[in-house]
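To be precise, the following lines are coords12.txt, and they hold compact mmCIF, C-alpha atoms.
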```txt
# COMPACT_ATOMS: atom_id res chain seq x y z
CA MET A 290 0.00 0.00 0.00
CA SER A 291 1.19 3.50 -0.83
CA SER A 292 2.66 5.43 2.09
CA LYS A 293 0.08 8.17 1.59
CA PHE A 294 -2.71 5.80 2.63
CA LYS A 295 -3.47 4.10 5.91
CA MET A 296 -5.58 1.01 6.51
CA GLN A 297 -7.38 0.15 9.75
CA PRO A 298 -9.95 -2.48 10.71
CA SER A 299 -13.32 -0.79 10.31
CA PHE A 300 -14.48 -1.91 13.76
CA ASN A 301 -12.34 0.96 15.08
CA TYR A 302 -14.90 3.32 13.54
CA VAL A 303 -18.49 2.79 14.66
CA GLU A 304 -19.60 5.47 12.17
CA LEU A 305 -18.94 3.04 9.30
CA LYS A 306 -21.31 0.27 10.39
CA VAL A 307 -24.17 1.78 8.40
CA LEU A 308 -22.30 1.04 5.15
CA GLN A 309 -22.00 -2.71 5.57
CA LYS A 310 -25.43 -3.62 4.21
CA TYR A 311 -24.75 -1.82 0.92
CA ILE A 312 -21.72 -3.93 0.00
CA LYS A 313 -22.58 -7.18 1.76
CA ASN A 314 -22.23 -10.19 -0.58
CA THR A 315 -20.64 -8.02 -3.29
CA ARG A 316 -17.05 -7.33 -4.27
CA GLY A 317 -17.71 -3.62 -4.21
CA PHE A 318 -16.33 -0.99 -1.87
CA VAL A 319 -17.74 2.35 -0.73
CA ALA A 320 -15.55 5.34 -1.56
CA GLY A 321 -15.79 9.11 -1.74
CA GLY A 322 -17.70 11.89 -0.06
CA CYS A 323 -20.02 9.97 2.27
CA PHE A 324 -17.25 9.72 4.88
CA LYS A 325 -17.27 13.50 5.27
CA ASP A 326 -20.83 13.23 6.56
CA LEU A 327 -20.36 10.08 8.63
CA PHE A 328 -17.35 11.44 10.53
CA SER A 329 -19.04 14.82 11.00
CA GLY A 330 -22.00 13.23 12.78
CA LYS A 331 -24.38 13.75 9.86
CA ILE A 332 -26.63 11.35 8.02
CA THR A 333 -25.21 10.62 4.61
CA ARG A 334 -27.65 10.85 1.72
CA ASP A 335 -25.47 9.42 -1.07
CA ILE A 336 -23.25 6.36 -1.21
CA ASP A 337 -20.98 5.49 -4.16
CA ILE A 338 -19.92 1.87 -4.63
CA PHE A 339 -16.92 1.10 -6.83
CA PHE A 340 -15.56 -2.17 -8.22
CA GLU A 341 -12.27 -3.63 -9.35
CA ASN A 342 -13.72 -4.82 -12.65
CA GLU A 343 -16.86 -4.99 -14.78
CA LYS A 344 -17.65 -8.55 -13.72
CA ASP A 345 -17.91 -7.50 -10.07
CA TYR A 346 -20.10 -4.56 -11.08
CA ASN A 347 -22.47 -6.81 -13.05
CA GLU A 348 -22.70 -9.28 -10.15
CA ALA A 349 -23.67 -6.40 -7.86
CA LEU A 350 -26.36 -5.30 -10.33
CA THR A 351 -27.89 -8.78 -10.15
CA LEU A 352 -27.81 -8.73 -6.36
CA TYR A 353 -29.30 -5.23 -6.14
CA SER A 354 -32.22 -6.29 -8.33
CA THR A 355 -33.29 -8.63 -5.49
CA LYS A 356 -32.58 -6.40 -2.48
CA LYS A 357 -35.49 -5.55 -0.23
CA ASN A 358 -36.30 -1.82 0.11
CA ILE A 359 -33.90 -0.96 -2.74
CA LYS A 360 -35.49 0.68 -5.78
CA TRP A 361 -33.86 1.17 -9.20
CA ILE A 362 -33.93 4.87 -10.15
CA TYR A 363 -31.75 5.48 -13.24
CA GLU A 364 -28.78 4.43 -15.32
CA ASN A 365 -26.28 6.52 -17.29
CA ASP A 366 -22.75 6.15 -18.66
CA ASN A 367 -21.23 6.59 -15.19
CA CYS A 368 -23.41 4.52 -12.89
CA THR A 369 -26.63 2.75 -12.03
CA GLY A 370 -28.58 4.58 -9.34
CA TYR A 371 -30.79 3.10 -6.65
CA ARG A 372 -32.62 4.42 -3.61
CA ASP A 373 -32.77 2.82 -0.21
CA VAL A 374 -36.45 3.60 0.25
CA LYS A 375 -36.51 2.86 3.97
CA ASN A 376 -33.59 5.19 4.82
CA ASN A 377 -33.92 7.64 1.89
CA ILE A 378 -30.31 7.11 0.81
CA GLY A 379 -29.16 7.20 -2.80
CA VAL A 380 -26.80 4.40 -3.82
CA GLU A 381 -24.81 4.54 -7.05
CA LEU A 382 -23.01 1.52 -8.48
CA ILE A 383 -20.15 3.15 -10.40
CA LYS A 384 -19.12 1.78 -13.80
CA SER A 385 -17.06 4.67 -15.19
CA ILE A 386 -13.94 3.70 -13.25
CA PHE A 387 -12.67 0.31 -12.11
CA GLY A 388 -9.69 -0.58 -9.94
CA THR A 389 -8.51 -1.48 -6.48
CA PRO A 390 -9.61 0.83 -3.67
CA GLU A 391 -6.19 2.49 -3.61
CA VAL A 392 -6.18 3.04 -7.39
CA VAL A 393 -9.71 4.45 -7.37
CA ILE A 394 -9.33 6.88 -4.47
CA SER A 395 -5.98 8.06 -5.85
CA GLN A 396 -7.96 9.58 -8.72
CA PHE A 397 -10.20 11.66 -6.43
CA ASP A 398 -9.30 15.32 -6.19
CA PHE A 399 -9.50 16.21 -2.48
CA THR A 400 -7.88 14.41 0.46
CA ILE A 401 -11.19 14.48 2.39
CA VAL A 402 -12.76 12.14 -0.18
CA LYS A 403 -9.78 9.80 -0.52
CA ALA A 404 -11.24 7.05 1.63
CA ALA A 405 -12.79 3.62 1.12
CA TYR A 406 -14.74 1.08 3.16
CA VAL A 407 -13.72 -2.36 1.91
CA ASN A 408 -15.34 -5.72 2.55
CA SER A 409 -13.49 -9.02 2.36
CA LEU A 410 -15.67 -11.85 1.09
CA GLU A 411 -13.14 -14.39 2.29
CA ASP A 412 -13.27 -13.64 6.03
CA ASP A 413 -16.18 -11.16 6.28
CA GLU A 414 -13.85 -8.52 7.76
CA THR A 415 -14.04 -4.91 6.70
CA SER A 416 -11.30 -2.29 6.47
CA PHE A 417 -11.11 1.47 6.22
CA ILE A 418 -8.48 2.84 3.82
CA TYR A 419 -7.87 6.57 3.91
CA HIS A 420 -5.42 9.30 2.97
CA HIS A 421 -2.99 9.90 5.84
CA ASP A 422 -4.24 13.52 6.08
CA PHE A 423 -7.94 12.61 5.86
CA PHE A 424 -8.89 13.24 9.49
CA GLU A 425 -6.73 16.35 9.88
CA HIS A 426 -8.14 18.02 6.78
CA LEU A 427 -11.68 16.97 7.68
CA THR A 428 -11.34 18.51 11.13
CA LEU A 429 -9.81 21.72 9.74
CA LYS A 430 -12.37 21.82 6.89
CA ARG A 431 -9.54 22.18 4.40
CA LEU A 432 -9.81 21.21 0.75
CA VAL A 433 -6.39 19.93 -0.25
CA ILE A 434 -5.45 18.74 -3.74
CA ASP A 435 -2.45 16.46 -3.37
CA GLU A 436 -2.11 15.21 -6.97
CA GLU A 437 -2.57 16.28 -10.56
CA MET A 438 -6.09 17.07 -11.80
CA PRO A 439 -7.03 15.58 -15.16
CA ARG A 440 -10.26 17.62 -15.07
CA ALA A 441 -9.40 20.88 -13.37
CA VAL A 442 -12.67 22.60 -14.28
CA ALA A 443 -14.62 19.79 -12.59
CA THR A 444 -12.46 20.23 -9.49
CA LEU A 445 -13.16 23.98 -9.54
CA ASN A 446 -16.88 23.27 -9.75
CA ARG A 447 -16.66 20.88 -6.81
CA THR A 448 -14.92 23.49 -4.64
CA TRP A 449 -18.15 25.52 -4.75
CA LYS A 450 -20.12 22.47 -3.65
CA TYR A 451 -17.84 21.91 -0.66
CA ALA A 452 -17.81 25.62 0.20
CA LYS A 453 -21.50 25.20 1.09
CA TYR A 454 -20.40 22.75 3.78
CA GLY A 455 -17.81 25.17 5.14
CA PHE A 456 -14.74 23.68 3.40
CA GLY A 457 -12.19 25.96 1.75
CA LEU A 458 -9.19 25.42 -0.50
CA CYS A 459 -5.83 25.80 1.16
CA ARG A 460 -3.40 28.32 -0.42
CA GLU A 461 -1.28 25.65 -2.14
CA SER A 462 -4.36 24.02 -3.64
CA LYS A 463 -5.67 27.36 -4.92
CA LEU A 464 -2.39 27.87 -6.76
CA LYS A 465 -2.37 24.30 -8.06
CA LEU A 466 -5.95 24.58 -9.34
CA THR A 467 -5.39 28.01 -10.92
CA ASN A 468 -2.23 26.81 -12.70
CA ALA A 469 -3.96 23.65 -13.92
CA ILE A 470 -6.77 25.68 -15.49
CA ILE A 471 -4.32 28.17 -17.06
CA GLU A 472 -2.16 25.35 -18.46
CA LYS A 473 -5.19 23.74 -20.02
CA GLY A 474 -5.75 26.93 -22.00
CA VAL A 475 -9.02 27.11 -23.90
CA VAL A 476 -11.26 24.48 -22.36
CA ASP A 477 -12.30 22.17 -25.18
CA ASP A 478 -14.70 20.10 -23.14
CA ILE A 479 -15.88 22.50 -20.46
CA ASN A 480 -19.35 20.99 -20.33
CA GLY A 481 -17.90 17.53 -19.77
CA ASP A 482 -15.53 18.86 -17.14
CA LEU A 483 -18.25 20.70 -15.25
CA TYR A 484 -20.37 17.59 -14.89
CA PHE A 485 -17.61 15.08 -14.26
CA GLY A 486 -16.15 14.30 -10.89
CA PHE A 487 -16.09 11.85 -8.05
CA ASP A 488 -17.29 12.51 -4.53
```
Please express the file's structure as structure tokens.
Amino acid sequence: MSSKFKMQPSFNYVELKVLQKYIKNTRGFVAGGCFKDLFSGKITRDIDIFFENEKDYNEALTLYSTKKNIKWIYENDNCTGYRDVKNNIGVELIKSIFGTPEVVISQFDFTIVKAAYVNSLEDDETSFIYHHDFFEHLTLKRLVIDEEMPRAVATLNRTWKYAKYGFGLCRESKLKLTNAIIEKGVVDDINGDLYFGFD
């Protein structure tokens, strides 16, 4: 595992128990922005489930078609969306990106979304993988970009979303984002960039 990520048994974090039922009996893992809510004492309204490959995604689709209190809502090029009717939680099975938890969360823009809740089908144990600065930046409400941004305009758009929750870009990340947009020059696919991004 990369030195920028840590892995702990999930039983150390009672906040994560709510996620288990969404990945049980699948090879999927929860990743992204829901952890911001869970560790801030809020009820999460959206859960994104990622997979290492298309086969695992398709198996999860089959399972979700039989789940009680889970209703199919939509499908697009990025995901298949469901709603947990009982708890009013949106669940997206992501098909636009496949890979190990570490590979997937490495592609997220902010350190506060670089986290994953991973289930092991072999021993029914779950783990929490997270960026080593995850908790510090979450507590400080800092948006930190620690890697390159393939879609800088999408990242810019997402900063406004997180500003509503009280999160602000640190100085280094402001410079990094500004330079990335300038280097891109004329934005050829600004519409695609504005509506692309992972939580």
| query | Could you name the residues that touch range 352-360 of chain A at 12 Å or less, counting all atoms listed in the file, but leaving out those on the same chain fewer than 5 positions away, as a PyMOL selection string? | reply | chain A and resi 310-317+338+345-347+369-382
Using the selection just defined, write its residues with C-alpha atoms as a PDB file, in the coordinates of the input.
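Saved result, out.pdb, follows:
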```pdb
ATOM      1  CA  LYS A 310     -25.430  -3.620   4.210  1.00  0.00           C
ATOM      2  CA  TYR A 311     -24.750  -1.820   0.920  1.00  0.00           C
ATOM      3  CA  ILE A 312     -21.720  -3.930   0.000  1.00  0.00           C
ATOM      4  CA  LYS A 313     -22.580  -7.180   1.760  1.00  0.00           C
ATOM      5  CA  ASN A 314     -22.230 -10.190  -0.580  1.00  0.00           C
ATOM      6  CA  THR A 315     -20.640  -8.020  -3.290  1.00  0.00           C
ATOM      7  CA  ARG A 316     -17.050  -7.330  -4.270  1.00  0.00           C
ATOM      8  CA  GLY A 317     -17.710  -3.620  -4.210  1.00  0.00           C
ATOM      9  CA  ILE A 338     -19.920   1.870  -4.630  1.00  0.00           C
ATOM     10  CA  ASP A 345     -17.910  -7.500 -10.070  1.00  0.00           C
ATOM     11  CA  TYR A 346     -20.100  -4.560 -11.080  1.00  0.00           C
ATOM     12  CA  ASN A 347     -22.470  -6.810 -13.050  1.00  0.00           C
ATOM     13  CA  THR A 369     -26.630   2.750 -12.030  1.00  0.00           C
ATOM     14  CA  GLY A 370     -28.580   4.580  -9.340  1.00  0.00           C
ATOM     15  CA  TYR A 371     -30.790   3.100  -6.650  1.00  0.00           C
ATOM     16  CA  ARG A 372     -32.620   4.420  -3.610  1.00  0.00           C
ATOM     17  CA  ASP A 373     -32.770   2.820  -0.210  1.00  0.00           C
ATOM     18  CA  VAL A 374     -36.450   3.600   0.250  1.00  0.00           C
ATOM     19  CA  LYS A 375     -36.510   2.860   3.970  1.00  0.00           C
ATOM     20  CA  ASN A 376     -33.590   5.190   4.820  1.00  0.00           C
ATOM     21  CA  ASN A 377     -33.920   7.640   1.890  1.00  0.00           C
ATOM     22  CA  ILE A 378     -30.310   7.110   0.810  1.00  0.00           C
ATOM     23  CA  GLY A 379     -29.160   7.200  -2.800  1.00  0.00           C
ATOM     24  CA  VAL A 380     -26.800   4.400  -3.820  1.00  0.00           C
ATOM     25  CA  GLU A 381     -24.810   4.540  -7.050  1.00  0.00           C
ATOM     26  CA  LEU A 382     -23.010   1.520  -8.480  1.00  0.00           C
TER      27      LEU A 382
END
```
Using all atoms listed in the file, I'd like a table of the residues in range 319-380 of chain A that come within 10 Å of range 421-427 of chain A; for each, show the closest atom pair and its distance in Å rounded to one decimal, ordered by chain and ascending number, as a tab-separated table.
```
residue	atom	partner	partner_atom	distance
A:Phe324	CA	A:Leu427	CA	9.6
A:Lys325	CA	A:Leu427	CA	7.0
A:Asp326	CA	A:Leu427	CA	9.9
A:Phe328	CA	A:Leu427	CA	8.4
A:Ser329	CA	A:Leu427	CA	8.4
```
With 3 Å added on each side, what axis-aligned box encloses every listed atom of range 424-434 of chain A? Give the centre and edge lengths in Å to one decimal, as JSON.
```
{"center_x": -8.9, "center_y": 17.7, "center_z": 3.7, "size_x": 12.9, "size_y": 14.9, "size_z": 20.9}
```
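Those residues that approach Lys463 in chain A to within 12 Å, counting all atoms listed in the file, are Arg431, Leu432, Val433, Ile434, Asp435, Ala441, Thr444, Leu445, Thr448, Gly457, Leu458, Asn468, Ala469 and Ile470 of chain A; same-chain residues fewer than 5 positions away are not listed.
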| Neighbour list for Ser395 in chain A as a count of residues only, cut-off 10 Å, only C-alpha atoms, skip fewer than 3 positions in-chain | 16
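Excluding Ala405 in chain A and any residue on its chain fewer than 3 positions from it, the residues at most 7 Å away by only C-alpha atoms are A:Phe318, A:Val319, A:Ala320, A:Gly321, A:Pro390, A:Phe417, A:Ile418, A:Tyr419.
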Please rebuild range 323-342 of chain A with N, CA and C atoms and give the result as a short mmCIF file (atom, residue, chain, number, x, y, z; two decimals), in the coordinates of the input.
```
data_model
loop_
_atom_site.label_atom_id
_atom_site.label_comp_id
_atom_site.auth_asym_id
_atom_site.auth_seq_id
_atom_site.Cartn_x
_atom_site.Cartn_y
_atom_site.Cartn_z
N CYS A 323 -19.13 10.31 1.16
CA CYS A 323 -20.02 9.97 2.27
C CYS A 323 -19.30 9.99 3.61
N PHE A 324 -18.00 9.76 3.61
CA PHE A 324 -17.25 9.72 4.88
C PHE A 324 -17.18 11.09 5.54
N LYS A 325 -17.23 12.14 4.73
CA LYS A 325 -17.27 13.50 5.27
C LYS A 325 -18.48 13.65 6.19
N ASP A 326 -19.62 13.14 5.75
CA ASP A 326 -20.83 13.23 6.56
C ASP A 326 -20.75 12.31 7.77
N LEU A 327 -20.36 11.07 7.55
CA LEU A 327 -20.36 10.08 8.63
C LEU A 327 -19.46 10.50 9.79
N PHE A 328 -18.28 11.04 9.47
CA PHE A 328 -17.35 11.44 10.53
C PHE A 328 -17.63 12.85 11.06
N SER A 329 -18.63 13.51 10.49
CA SER A 329 -19.04 14.82 11.00
C SER A 329 -20.35 14.70 11.78
N GLY A 330 -20.78 13.46 12.01
CA GLY A 330 -22.00 13.23 12.78
C GLY A 330 -23.28 13.49 12.02
N LYS A 331 -23.20 13.50 10.68
CA LYS A 331 -24.38 13.75 9.86
C LYS A 331 -24.85 12.47 9.19
N ILE A 332 -26.09 12.48 8.77
CA ILE A 332 -26.63 11.35 8.02
C ILE A 332 -26.23 11.52 6.57
N THR A 333 -25.60 10.51 6.02
CA THR A 333 -25.21 10.62 4.61
C THR A 333 -26.42 10.32 3.73
N ARG A 334 -26.52 11.03 2.63
CA ARG A 334 -27.65 10.85 1.72
C ARG A 334 -27.25 10.17 0.41
N ASP A 335 -25.95 10.01 0.19
CA ASP A 335 -25.47 9.42 -1.07
C ASP A 335 -24.29 8.50 -0.79
N ILE A 336 -24.33 7.31 -1.36
CA ILE A 336 -23.25 6.36 -1.21
C ILE A 336 -22.83 5.89 -2.60
N ASP A 337 -21.53 5.95 -2.87
CA ASP A 337 -20.98 5.49 -4.16
C ASP A 337 -20.23 4.18 -3.93
N ILE A 338 -20.57 3.18 -4.73
CA ILE A 338 -19.92 1.87 -4.63
C ILE A 338 -19.13 1.62 -5.90
N PHE A 339 -17.85 1.33 -5.72
CA PHE A 339 -16.92 1.10 -6.83
C PHE A 339 -16.53 -0.38 -6.88
N PHE A 340 -15.92 -0.77 -8.00
CA PHE A 340 -15.56 -2.17 -8.22
C PHE A 340 -14.21 -2.27 -8.89
N GLU A 341 -13.57 -3.42 -8.71
CA GLU A 341 -12.27 -3.63 -9.35
C GLU A 341 -12.41 -3.92 -10.83
N ASN A 342 -13.54 -4.48 -11.24
CA ASN A 342 -13.72 -4.82 -12.65
C ASN A 342 -15.21 -4.88 -13.00
#
```
